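K.L.:
Coordinates in model07.txt, compact mmCIF, C-alpha atoms, are listed below.
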# COMPACT_ATOMS: atom_id res chain seq x y z
CA MET A 1 84.79 132.74 127.09
CA ARG A 2 87.86 133.20 129.25
CA LEU A 3 85.62 133.46 132.35
CA ASN A 4 83.83 130.23 131.41
CA ARG A 5 87.13 128.44 131.15
CA MET A 6 88.23 129.77 134.54
CA SER A 7 84.83 128.85 136.04
CA LEU A 8 85.31 125.23 135.01
CA LEU A 9 88.67 125.10 136.72
CA VAL A 10 87.41 126.86 139.86
CA ALA A 11 84.39 124.52 140.11
CA SER A 12 86.72 121.49 139.84
CA ALA A 13 89.07 122.96 142.45
CA VAL A 14 86.17 123.58 144.88
CA ALA A 15 84.97 119.97 144.48
CA LEU A 16 88.52 118.74 145.10
CA ALA A 17 88.90 121.03 148.14
CA ILE A 18 85.72 119.55 149.68
CA MET A 19 87.02 116.03 149.12
CA PHE A 20 90.40 117.08 150.51
CA ALA A 21 88.67 118.21 153.73
CA ILE A 22 86.74 114.90 153.96
CA SER A 23 89.94 112.88 153.43
CA MET A 24 91.77 114.96 156.05
CA MET A 25 89.01 114.26 158.56
CA SER A 26 89.13 110.53 157.83
CA GLY A 27 92.93 110.57 157.98
CA ASP A 28 93.41 108.98 154.53
CA SER A 29 96.84 110.35 153.67
CA TYR A 30 96.98 108.87 150.15
CA ALA A 31 93.60 110.43 149.30
CA TYR A 32 94.31 113.92 150.67
CA ASN A 33 97.77 114.03 149.10
CA THR A 34 96.20 113.07 145.76
CA GLU A 35 93.53 115.78 146.11
CA LEU A 36 96.11 118.38 147.06
CA PHE A 37 98.26 117.41 144.09
CA SER A 38 95.17 117.57 141.83
CA ILE A 39 94.39 121.13 142.99
CA LEU A 40 98.00 122.14 142.27
CA LEU A 41 97.71 120.49 138.86
CA LEU A 42 94.58 122.53 138.10
CA ALA A 43 96.51 125.68 138.95
CA ILE A 44 98.71 125.17 135.84
CA PRO A 45 95.99 125.73 133.18
CA ALA A 46 94.47 128.48 135.39
CA TRP A 47 97.83 130.27 135.49
CA CYS A 48 98.18 129.86 131.71
CA ILE A 49 94.70 131.37 131.12
CA ALA A 50 95.48 134.27 133.45
CA ARG A 51 98.75 134.95 131.55
CA GLY A 52 97.06 134.53 128.16
CA VAL A 53 99.39 131.74 127.07
CA ILE A 54 98.32 128.19 126.05
CA VAL A 55 94.60 128.85 126.39
CA LEU A 56 93.19 125.35 126.05
CA PRO A 57 89.71 124.84 124.55
CA TRP A 58 86.99 124.46 127.19
CA PRO A 59 86.19 120.78 126.41
CA ILE A 60 89.79 119.88 127.29
CA LEU A 61 89.63 121.89 130.52
CA LEU A 62 86.37 120.13 131.35
CA GLY A 63 88.10 116.80 130.69
CA ILE A 64 91.02 117.71 132.98
CA GLY A 65 88.69 118.80 135.78
CA LEU A 66 86.41 115.78 135.39
CA SER A 67 89.33 113.30 135.33
CA LEU A 68 90.80 114.70 138.56
CA VAL A 69 87.44 115.03 140.35
CA LEU A 70 86.27 111.52 139.43
CA HIS A 71 89.58 110.02 140.52
CA SER A 72 89.34 111.73 143.92
CA LEU A 73 85.66 110.81 144.24
CA GLY A 74 86.63 107.19 143.72
CA LEU A 75 89.15 107.47 146.56
CA VAL A 76 86.81 109.28 148.98
CA THR A 77 83.82 106.98 148.40
CA ASP A 78 86.00 103.85 148.00
CA LEU A 79 84.35 103.21 144.63
CA TYR A 80 87.68 101.90 143.30
CA ASN A 81 87.45 98.99 145.74
CA ASN A 82 83.66 98.55 145.88
CA THR A 83 83.00 98.38 142.15
CA ASP A 84 84.64 96.80 139.11
CA TRP A 85 83.68 99.56 136.72
CA TRP A 86 84.77 102.82 138.40
CA ASP A 87 88.40 102.27 137.47
CA ASN A 88 87.42 101.70 133.83
CA ILE A 89 85.34 104.88 133.75
CA THR A 90 88.14 107.03 135.19
CA HIS A 91 90.66 105.47 132.78
CA PHE A 92 88.31 106.07 129.84
CA ILE A 93 87.72 109.75 130.71
CA SER A 94 91.35 110.49 131.54
CA GLY A 95 92.29 108.69 128.30
CA ILE A 96 90.07 111.06 126.31
CA THR A 97 91.67 114.02 128.11
CA VAL A 98 95.22 112.79 127.43
CA ALA A 99 94.22 112.15 123.80
CA SER A 100 92.91 115.71 123.47
CA LEU A 101 96.12 117.13 124.92
CA ALA A 102 98.18 114.94 122.58
CA ALA A 103 96.05 116.15 119.66
CA VAL A 104 96.65 119.79 120.61
CA VAL A 105 100.43 119.24 120.81
CA LEU A 106 100.40 117.46 117.44
CA ILE A 107 98.36 120.19 115.78
CA VAL A 108 100.68 122.89 117.10
CA VAL A 109 103.76 120.97 115.88
CA ILE A 110 102.23 120.30 112.45
CA VAL A 111 100.91 123.82 111.90
CA SER A 112 103.96 125.62 113.27
CA SER A 113 106.76 123.48 111.86
CA LYS A 114 108.15 124.22 108.44
CA LYS A 115 109.87 120.83 108.15
CA ILE A 116 107.32 118.39 109.58
CA ARG A 117 104.48 117.44 107.31
CA VAL A 118 102.32 114.63 108.66
CA PRO A 119 99.81 112.96 106.33
CA THR A 120 96.34 113.72 107.79
CA PRO A 121 95.19 110.07 108.04
CA TRP A 122 98.12 109.49 110.39
CA ILE A 123 96.91 111.90 113.03
CA PRO A 124 94.10 109.77 114.56
CA PHE A 125 96.59 106.90 114.77
CA LEU A 126 99.17 109.13 116.47
CA ILE A 127 96.54 110.21 119.00
CA PHE A 128 95.67 106.58 119.71
CA ALA A 129 99.36 105.71 120.14
CA SER A 130 99.97 108.71 122.43
CA VAL A 131 97.11 107.66 124.73
CA LEU A 132 98.35 104.10 125.04
CA ALA A 133 101.98 105.16 125.54
CA MET A 134 100.84 107.47 128.36
CA GLU A 135 98.74 104.62 129.77
CA GLY A 136 101.89 102.49 129.74
CA VAL A 137 103.82 105.18 131.61
CA TRP A 138 100.94 105.48 134.12
CA GLU A 139 100.85 101.70 134.73
CA MET A 140 104.63 101.69 135.28
CA LEU A 141 104.25 104.54 137.75
CA GLU A 142 101.49 102.69 139.63
CA PHE A 143 103.53 99.48 139.70
CA THR A 144 106.64 101.30 140.94
CA MET A 145 104.69 103.15 143.65
CA ASP A 146 103.12 99.86 144.81
CA MET A 147 106.56 98.25 144.98
CA ILE A 148 108.40 101.13 146.64
CA ILE A 149 105.94 102.75 149.06
CA GLY A 150 103.39 99.95 149.32
CA THR A 151 100.35 101.70 147.83
CA SER A 152 97.76 99.48 146.18
CA MET A 153 97.20 101.41 142.97
CA GLN A 154 97.16 98.28 140.83
CA HIS A 155 94.61 95.62 141.70
CA GLY A 156 96.03 92.68 139.79
CA LEU A 157 96.32 91.48 136.22
CA SER A 158 92.63 91.71 135.27
CA ASP A 159 92.53 95.30 136.52
CA THR A 160 95.63 96.28 134.52
CA MET A 161 94.29 94.59 131.37
CA GLY A 162 90.89 96.30 131.86
CA ASP A 163 92.65 99.68 132.21
CA ILE A 164 94.55 99.13 128.97
CA VAL A 165 91.33 98.18 127.15
CA ALA A 166 89.50 101.25 128.57
CA ASN A 167 92.34 103.50 127.39
CA SER A 168 92.39 101.81 123.98
CA LEU A 169 88.68 102.62 123.62
CA SER A 170 89.24 106.23 124.63
CA GLY A 171 92.10 106.43 122.10
CA VAL A 172 89.81 105.14 119.35
CA VAL A 173 86.98 107.52 120.34
CA ALA A 174 89.36 110.50 120.51
CA GLY A 175 91.04 109.56 117.22
CA LEU A 176 87.67 109.33 115.43
CA GLY A 177 86.47 112.55 117.09
CA PHE A 178 89.60 114.32 115.94
CA ALA A 179 89.22 112.96 112.38
CA TYR A 180 85.68 114.40 112.36
CA TYR A 181 86.93 117.71 113.78
CA ILE A 182 89.69 118.22 111.20
CA SER A 183 87.28 117.45 108.38
CA ARG A 184 85.25 120.53 109.40
CA ALA A 185 87.53 123.00 111.19
CA SER A 186 90.63 124.96 110.37
CA LEU A 187 93.74 123.83 112.23
CA ARG A 188 95.28 127.28 111.86
CA GLU A 189 92.29 128.88 113.64
CA LEU A 190 92.57 126.37 116.47
CA VAL A 191 96.27 127.13 116.90
CA ASP A 192 95.59 130.89 116.82
CA ASP A 193 92.98 130.46 119.59
CA LEU A 194 95.49 128.56 121.70
CA ARG A 195 97.82 131.59 121.84
CA VAL A 196 100.99 129.56 121.72
CA GLU A 197 103.03 132.01 119.63
CA ARG A 198 105.54 132.71 122.41
CA ILE A 199 106.09 128.99 123.09
CA VAL A 200 106.43 128.25 119.38
CA GLU A 201 108.98 131.07 119.04
CA TRP A 202 110.91 129.81 122.05
CA SER A 203 110.92 126.21 120.75
CA ARG A 204 112.07 127.40 117.31
CA ARG A 205 115.02 129.15 118.93
CA THR A 206 115.82 126.27 121.30
CA PHE A 207 115.19 123.30 118.98
CA PRO A 208 115.61 124.59 115.43
CA ASP A 209 113.68 122.32 113.01
CA MET B 1 121.78 90.32 92.19
CA ALA B 2 122.95 90.52 95.82
CA SER B 3 119.94 92.57 96.79
CA LYS B 4 117.62 90.09 95.08
CA ALA B 5 119.25 87.24 97.05
CA ALA B 6 118.93 89.25 100.27
CA TYR B 7 115.27 89.86 99.52
CA ILE B 8 114.62 86.14 99.01
CA VAL B 9 116.43 85.34 102.27
CA LEU B 10 114.34 87.99 104.02
CA LEU B 11 111.07 86.57 102.69
CA LEU B 12 112.11 83.03 103.69
CA LEU B 13 112.96 84.18 107.23
CA ILE B 14 109.66 86.01 107.64
CA GLY B 15 107.79 83.06 106.18
CA ALA B 16 109.46 80.77 108.72
CA ALA B 17 108.58 83.16 111.53
CA LEU B 18 104.94 83.35 110.44
CA PHE B 19 104.74 79.55 110.12
CA LYS B 20 106.17 79.04 113.63
CA ALA B 21 103.93 81.75 115.13
CA LEU B 22 100.79 80.23 113.61
CA LEU B 23 101.82 76.71 114.57
CA THR B 24 102.39 77.64 118.21
CA GLY B 25 99.22 79.73 118.42
CA TYR B 26 100.86 83.09 119.10
CA LEU B 27 98.19 85.51 117.91
CA PHE B 28 100.29 88.58 118.64
CA TRP B 29 103.44 87.30 116.91
CA SER B 30 101.37 86.02 113.97
CA ILE B 31 100.03 89.56 113.51
CA ILE B 32 103.59 90.94 113.74
CA ALA B 33 104.92 88.41 111.18
CA THR B 34 102.04 89.15 108.78
CA TRP B 35 102.62 92.87 109.23
CA ILE B 36 106.36 92.46 108.46
CA LEU B 37 105.50 90.46 105.35
CA LEU B 38 103.10 93.16 104.12
CA ILE B 39 105.63 95.93 104.75
CA VAL B 40 108.57 94.22 102.99
CA MET B 41 106.37 93.68 99.94
CA THR B 42 105.55 97.37 99.50
CA PRO B 43 107.29 99.07 96.55
CA GLU B 44 108.53 101.82 98.90
CA PHE B 45 110.39 99.26 101.03
CA VAL B 46 111.86 97.46 98.06
CA SER B 47 113.09 100.63 96.36
CA ALA B 48 114.23 102.56 99.43
CA ILE B 49 115.73 99.91 101.70
CA LEU B 50 116.86 97.13 99.41
CA SER B 51 118.77 99.53 97.19
CA ARG B 52 121.25 100.16 100.01
CA GLY B 53 123.60 97.61 101.57
CA ARG B 54 123.54 98.44 105.26
CA PRO B 55 119.78 98.91 105.68
CA THR B 56 119.25 95.62 103.81
CA ALA B 57 121.73 93.83 106.06
CA ALA B 58 120.14 95.35 109.17
CA THR B 59 116.67 94.24 108.05
CA VAL B 60 117.87 90.67 107.42
CA VAL B 61 119.59 90.60 110.84
CA VAL B 62 116.40 91.79 112.60
CA ALA B 63 114.35 89.18 110.70
CA LEU B 64 116.86 86.53 111.76
CA LEU B 65 116.60 87.68 115.39
CA PHE B 66 112.82 87.38 115.11
CA VAL B 67 113.09 83.81 113.85
CA ILE B 68 115.57 82.91 116.60
CA TYR B 69 113.27 84.51 119.18
CA LEU B 70 110.23 82.57 118.01
CA PHE B 71 112.02 79.23 117.71
CA LEU B 72 114.19 79.36 120.83
CA GLY B 73 112.53 81.93 123.10
CA PRO B 74 109.15 81.36 124.68
CA ALA B 75 108.18 77.71 125.09
CA ARG B 76 104.45 78.41 125.00
CA ALA B 77 102.23 81.18 123.68
CA SER B 78 102.77 83.57 126.55
CA VAL B 79 103.99 87.09 126.87
CA THR B 80 106.40 86.24 129.68
CA ASP B 81 107.07 82.56 129.18
CA LEU B 82 110.77 83.12 128.68
CA ASN B 83 113.77 81.31 130.11
CA SER B 84 115.20 84.70 130.92
CA MET B 85 113.88 88.23 130.54
CA LEU B 86 116.83 88.87 128.20
CA TRP B 87 115.02 86.68 125.66
CA ALA B 88 112.47 89.46 125.29
CA ILE B 89 115.07 91.75 123.69
CA PRO B 90 115.10 90.15 120.18
CA GLY B 91 111.29 90.38 120.14
CA ASN B 92 111.49 94.02 121.23
CA MET B 93 114.04 94.80 118.52
CA THR B 94 111.75 93.23 115.94
CA ILE B 95 108.77 95.35 117.02
CA PHE B 96 110.87 98.52 117.16
CA GLY B 97 112.34 97.92 113.69
CA LEU B 98 108.94 97.08 112.25
CA VAL B 99 107.36 100.23 113.66
CA MET B 100 110.17 102.44 112.36
CA VAL B 101 110.17 100.93 108.87
CA THR B 102 106.36 101.15 108.75
CA LEU B 103 106.54 104.84 109.63
CA LEU B 104 109.15 105.41 106.89
CA VAL B 105 107.07 103.55 104.32
CA VAL B 106 103.79 105.29 105.24
CA ASN B 107 105.61 108.62 105.33
CA GLU B 108 106.98 108.02 101.84
CA ARG B 109 103.61 106.89 100.54
CA GLY B 110 101.71 109.81 102.10
CA HIS B 111 104.32 112.38 100.95
CA GLY B 112 104.94 113.36 104.54
CA HIS B 113 108.09 114.93 105.90
CA MET B 114 109.68 114.31 109.27
CA VAL B 115 112.76 115.41 111.13
CA ARG B 116 114.89 112.82 112.88
CA GLN B 117 113.76 113.68 116.42
CA PHE B 118 110.08 113.61 115.48
CA LEU B 119 110.51 110.23 113.76
CA MET B 120 112.17 108.75 116.84
CA VAL B 121 109.53 110.10 119.25
CA VAL B 122 106.72 108.73 117.07
CA THR B 123 108.55 105.41 116.73
CA LEU B 124 109.02 105.10 120.49
CA ILE B 125 105.39 105.99 121.24
CA SER B 126 104.08 103.53 118.65
CA TYR B 127 106.45 100.81 119.88
CA MET B 128 105.32 101.28 123.52
CA THR B 129 101.71 101.08 122.37
CA LEU B 130 102.26 97.85 120.50
CA VAL B 131 104.08 96.18 123.41
CA LEU B 132 101.35 97.32 125.81
CA ILE B 133 98.46 95.89 123.79
CA GLN B 134 100.30 92.60 123.59
CA GLY B 135 99.15 92.11 127.22
CA PRO B 136 95.35 92.28 126.66
CA ILE B 137 95.62 90.35 123.37
CA ASP B 138 97.40 87.43 125.06
CA HIS B 139 95.37 87.70 128.27
CA TYR B 140 91.87 87.75 126.75
CA LEU B 141 92.72 85.23 124.04
CA GLY B 142 94.08 82.97 126.75
CA LEU B 143 90.87 83.29 128.77
CA MET B 144 88.86 82.39 125.66
CA VAL B 145 90.78 79.13 125.23
CA GLY B 146 90.93 78.48 128.99
CA ALA B 147 94.64 79.23 129.48
CA MET B 148 96.56 81.83 131.49
CA ARG B 149 98.83 83.26 128.81
CA VAL B 150 99.98 86.17 130.97
CA PRO B 151 101.04 84.58 134.27
CA GLY B 152 100.60 87.64 136.49
CA ASN B 153 100.58 91.39 136.86
CA THR B 154 104.13 91.58 138.23
CA GLU B 155 105.51 89.48 135.36
CA PHE B 156 103.69 91.58 132.76
CA MET B 157 104.83 94.88 134.30
CA GLN B 158 108.44 93.68 134.49
CA TYR B 159 108.24 92.65 130.83
CA TYR B 160 106.74 96.01 129.89
CA MET B 161 109.33 97.99 131.85
CA LEU B 162 112.20 96.05 130.30
CA SER B 163 110.66 96.51 126.84
CA THR B 164 110.29 100.25 127.41
CA ALA B 165 113.93 100.51 128.50
CA VAL B 166 114.98 98.61 125.35
CA GLY B 167 112.81 100.96 123.25
CA ILE B 168 114.38 104.08 124.77
CA ALA B 169 117.89 102.68 124.23
CA LEU B 170 117.07 101.81 120.60
CA SER B 171 115.61 105.28 119.99
CA PHE B 172 118.78 106.97 121.19
CA ALA B 173 120.95 104.52 119.23
CA MET B 174 118.97 105.13 116.02
CA ALA B 175 118.98 108.91 116.50
CA ARG B 176 122.76 108.77 116.92
CA TYR B 177 123.14 106.52 113.87
CA MET B 178 121.06 108.87 111.73
CA ARG B 179 122.96 111.95 112.90
CA ARG B 180 126.26 110.36 111.82
CA ARG B 181 124.79 109.55 108.41
CA SER B 182 123.22 112.86 107.58
CA TYR B 183 123.95 112.47 103.90
CA SER B 184 123.09 108.83 103.36
CA MET B 185 119.35 108.86 103.54
CA ILE B 186 117.17 105.79 103.46
CA ASN B 187 114.14 107.86 102.72
CA PRO B 188 115.37 111.02 100.95
CA GLY B 189 111.96 112.55 100.33
CA GLY B 190 110.61 111.88 103.77
CA VAL B 191 113.06 112.15 106.61
CA ASP B 192 115.60 114.83 107.22
CA TRP B 193 118.26 112.73 108.95
CA GLY B 194 120.61 115.59 109.62
CA SER B 195 118.38 117.95 111.59
In structure tokens, what does this structure look like?

P.N.:
Amino acid sequence: MRLNRMSLLVASAVALAIMFAISMMSGDSYAYNTELFSILLLAIPAWCIARGVIVLPWPILLGIGLSLVLHSLGLVTDLYNNTDWWDNITHFISGITVASLAAVVLIVVIVSSKKIRVPTPWIPFLIFASVLAMEGVWEMLEFTMDMIIGTSMQHGLSDTMGDIVANSLSGVVAGLGFAYYISRASLRELVDDLRVERIVEWSRRTFPD
Amino acid sequence: MASKAAYIVLLLLIGAALFKALLTGYLFWSIIATWILLIVMTPEFVSAILSRGRPTAATVVVALLFVIYLFLGPARASVTDLNSMLWAIPGNMTIFGLVMVTLLVVNERGHGHMVRQFLMVVTLISYMTLVLIQGPIDHYLGLMVGAMRVPGNTEFMQYYMLSTAVGIALSFAMARYMRRRSYSMINPGGVDWGS
């Protein structure tokens, strides 16, 4: 299982490396910097798997890889500018990925904390809220980059509104998916599989409940 | 007696806000006013907040700010139709207060338990979400009735960034307030103020 997880990350990194080479040849600095940054980002979960700490479930790793690859593909093929829907697809998929990561953090906090007890019906809502808050942060980042270094990450009001709607949908889908998951699976088993004991111990020492 | 009078004042203020929001055609603020009305009528709110002087006073002040915002702030149903960006702050404070009180009420009802930091993080995240979806609600509703209710991307982003800054400041202020009042809990069963 560990090999499968690593294979997903390696496959994503290879796809990004190919697109990095294409962007270098075309001289698109924004695209090749993004692809380079994406490869470095993929190295984080790979390093965690290699060290046996925070071993994320494979669907989340697939989501991370897919989000980064699709974003770069949109830059290389100019699909962001040639179509209206590419941006919505990438926002939807990255929204699901962010939601899954938020769900994992929440589960770890809920299962590991002795003082926090969150009513179960809350959790899908918290996932939805986490996705949209991250979407807000992302939009602010895009806006700031456009203002400061003149990138064109935001394409106007309709684009921003469409992105928010796409992320809202992914938040709803992820929240419902999570509600279905917790009705069938054990949260304790999921946390055990994540191998976060050392991080939980460290956070207990650093931020006592 | 005083708490009963405060409760009546609170209901009148929220009623006025809802009336103004419906009259002007603010869908978003009508939802917020209805939401406030539903929350203040829950038994958890009445027993936990109205039994204490300062939280009651704070709730009435926020409701008053909301009324002032709706009557004197935006001239038309628009997210950024404000004489000054500073006018957005009373609206932001209303949303933040509503989200926090909702979390406390739901927490009490669901027999949950939160520590202060967790409550403030969840409040901030939920607040940012609510302010963000105000954009599409106003934008798409405006398109349906043939009006541009959100004037532009730059205006919306500036509004959102200011609102986020206000939310962060309020989160720190509330966390500080709770730390100083470790032993005077609004929600004794639910939130550990002191931790």

K.L.:
May I ask which of the residues A:Thr120, A:Ser186, A:Ser170, A:Asn82 is the closest one to chain B, counting all atoms listed in the file?

P.N.:
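Result for the nearest residue to chain B: A:Thr120.
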
K.L.:
When you get a sec, could you note down which chain A residues fall within 9 Å of chain B, using all atoms listed in the file, as a ChimeraX atom specification?

P.N.:
/A:115-122,126,128-136,139-140,143,154-162,164-165,168,208-209

K.L.:
Please compute the atom CA of Ser30 of chain B-atom CA of Pro90 of chain B distance, one decimal, in Å.

P.N.:
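Pair atom CA of Ser30 of chain B / atom CA of Pro90 of chain B returns 15.6 Å.
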
K.L.:
Please, what distance in Å, to one decimal, runs between atom CA of Ile32 of chain B and atom CA of Arg52 of chain B?

P.N.:
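Separating atom CA of Ile32 of chain B from atom CA of Arg52 of chain B is a distance of 24.2 Å.
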
K.L.:
Find the residues near segment 62-64 of chain B: any atom within 7 Å, counting only C-alpha atoms, skip ones fewer than 6 places away on the same chain, and give them as a ChimeraX atom specification.

P.N.:
/B:10,13-14,94

K.L.:
Tell me, in Å to one decimal, how far atom CA of Trp85 of chain A is from atom CA of Val173 of chain A.

P.N.:
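Straight-line distance from atom CA of Trp85 of chain A to atom CA of Val173 of chain A works out to 18.5 Å.
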
K.L.:
Point out the residue among B:Leu170, B:Leu141, B:Leu11, B:Ile68 with the least atom-to-atom distance to Leu27 of chain B, counting all atoms listed in the file.

P.N.:
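The closest residue to Leu27 of chain B is B:Leu141.
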